[in-house]
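Visitor: If you scroll down you'll find the structure; I have some questions about it.
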Amino acid sequence: MTKRNKIIYWIATLWLALGMTSTGVVQLIKMKEEVDMMTHLGYPIYFLTLLGIWKILGVIAILIPKFPLLKEWAYAGFFFAMSGAVFSHLASGDPAVALFGPILLLVLTVTSWYFRPLERKVTSINL
């Protein structure tokens with residue numbers, strides 16, 4: 001892995017971890033703005049607890065060493081959650097500014113996943 005790719009990976013991964021942790025905590029404590037948004041999007045409020053827990057567990061999974069298969073699942077979960085958020089905002093007719101957060105986290109997810117080091121990838125050797 002080149003030094004450039006390692007820098008890209010860690011910058012994307014740390015920003016992703018920060019974004020997912022902060023939104024996960026906000027969802028777990030059920031801030032009024034989050035409750036209002038979930039209601040507006042048509043989802044039950046208990047989804048906040050599920051999303052918050054999954055995001056925090058996903059951050060732990062992508063940051064700890066080893067467990068490449070678990071990391072793949074975490075990246076997939078982040079991808080599905082953020083692409084689902086984008087679709088939900090579009091389907092609800094929200095303005096483009098509402099898409100910024102989920103799209104940013106989606107881009108960080110894909111960037112971190114793409115540039116991850118070999119030891120963090122699933123291969124036939126480490127299955």
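Residues in the structure tokens are numbered from 1 in each chain, the chains being A, B, ... in the order shown, and ligands are numbered from 1 in the order shown.
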Need the shell around range 69-78 of chain A: protein/DNA/RNA residues with any atom at most 8 Å away, counting only C-alpha atoms. Skip same-chain ones fewer than 2 positions apart. Format as a list in words?

Guide: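 What passes the distance filter is Lys55, Gly58, Val59, Ala61, Ile62, Phe67, Phe80, Ala81, Met82, Leu106, Thr109, Val110, Trp113, Arg120, Lys121, Val122 and Leu127 of chain A.
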
Visitor: Do a neighbour search on Phe115 in chain A at 12 Å with only C-alpha atoms, toss out local chain neighbours closer than 6 positions, and write the hits as JSON, numbers by chain.

Guide: {"A": [1, 2, 3, 4, 5, 6, 7, 8, 9, 10, 11, 12, 13, 108, 109, 121]}

Visitor: Could you tell me how far CA of Leu14 in chain A sits from CA of Ile45 in chain A, in Å to one decimal place?

Guide: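 Separation of CA of Ile45 in chain A and CA of Leu14 in chain A: 28.2 Å.
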
Visitor: Point out the residue among A:Gly84, A:Pro68, A:Gly42, A:Gly101 with the least atom-to-atom distance to Ser22 in chain A, counting only C-alpha atoms.

Guide: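 Among A:Gly84, A:Pro68, A:Gly42, A:Gly101, it is A:Gly101 that comes nearest to Ser22 in chain A.
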
Visitor: Can you work out which one of A:Trp15, A:Glu33, A:Ile60, A:Gly24 has the shortest atom-to-atom distance to Leu48 in chain A, counting only C-alpha atoms?

Guide: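 Checking each of A:Trp15, A:Glu33, A:Ile60, A:Gly24 against Leu48 in chain A, counting only C-alpha atoms, the winner is A:Gly24.
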
Visitor: Have a look at A:Ala91, A:Ile29, A:Leu105, A:Val86 and name the one nearest to Ala17 in chain A; count only C-alpha atoms.

Guide: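 Comparing A:Ala91, A:Ile29, A:Leu105, A:Val86 against Ala17 in chain A, the winner is A:Leu105.
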
Visitor: Would you compute the distance between CA of Tyr43 in chain A and CA of Thr111 in chain A? Give it in Å to one decimal.

Guide: 28.5 Å

Visitor: List as a ChimeraX atom specification the protein and nucleic acid residues near Met37 in chain A, meaning an atom at most 12 Å away when only C-alpha atoms are counted, but skip any in the same chain fewer than 4 places from it.

Guide: /A:27,30-33,41-45,47-48,85,88-89,92,94,98

Visitor: From the options A:Ala96, A:Lys66, A:Thr39, A:Pro102, which residue's atoms come nearest to Thr23 in chain A, counting only C-alpha atoms?

Guide: A:Pro102

Visitor: What gap, in Å, lies between CA of Pro65 in chain A and CA of Glu119 in chain A?

Guide: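 CA of Pro65 in chain A sits 8.6 Å away from CA of Glu119 in chain A.
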
Visitor: Taking the DSSP assignment computed from this structure's backbone, write out as a PyMOL selection string all residues of chain A that belong to helix (DSSP H, G or I).

Guide: chain A and resi 3-28+32-41+46-63+68-91+96-115+118-120

Visitor: Using only C-alpha atoms, can you tell me which of A:Leu51, A:Leu118, A:Val25, A:Val107 comes closest to Phe79 in chain A?

Guide: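 Among A:Leu51, A:Leu118, A:Val25, A:Val107, it is A:Val107 that comes nearest to Phe79 in chain A.
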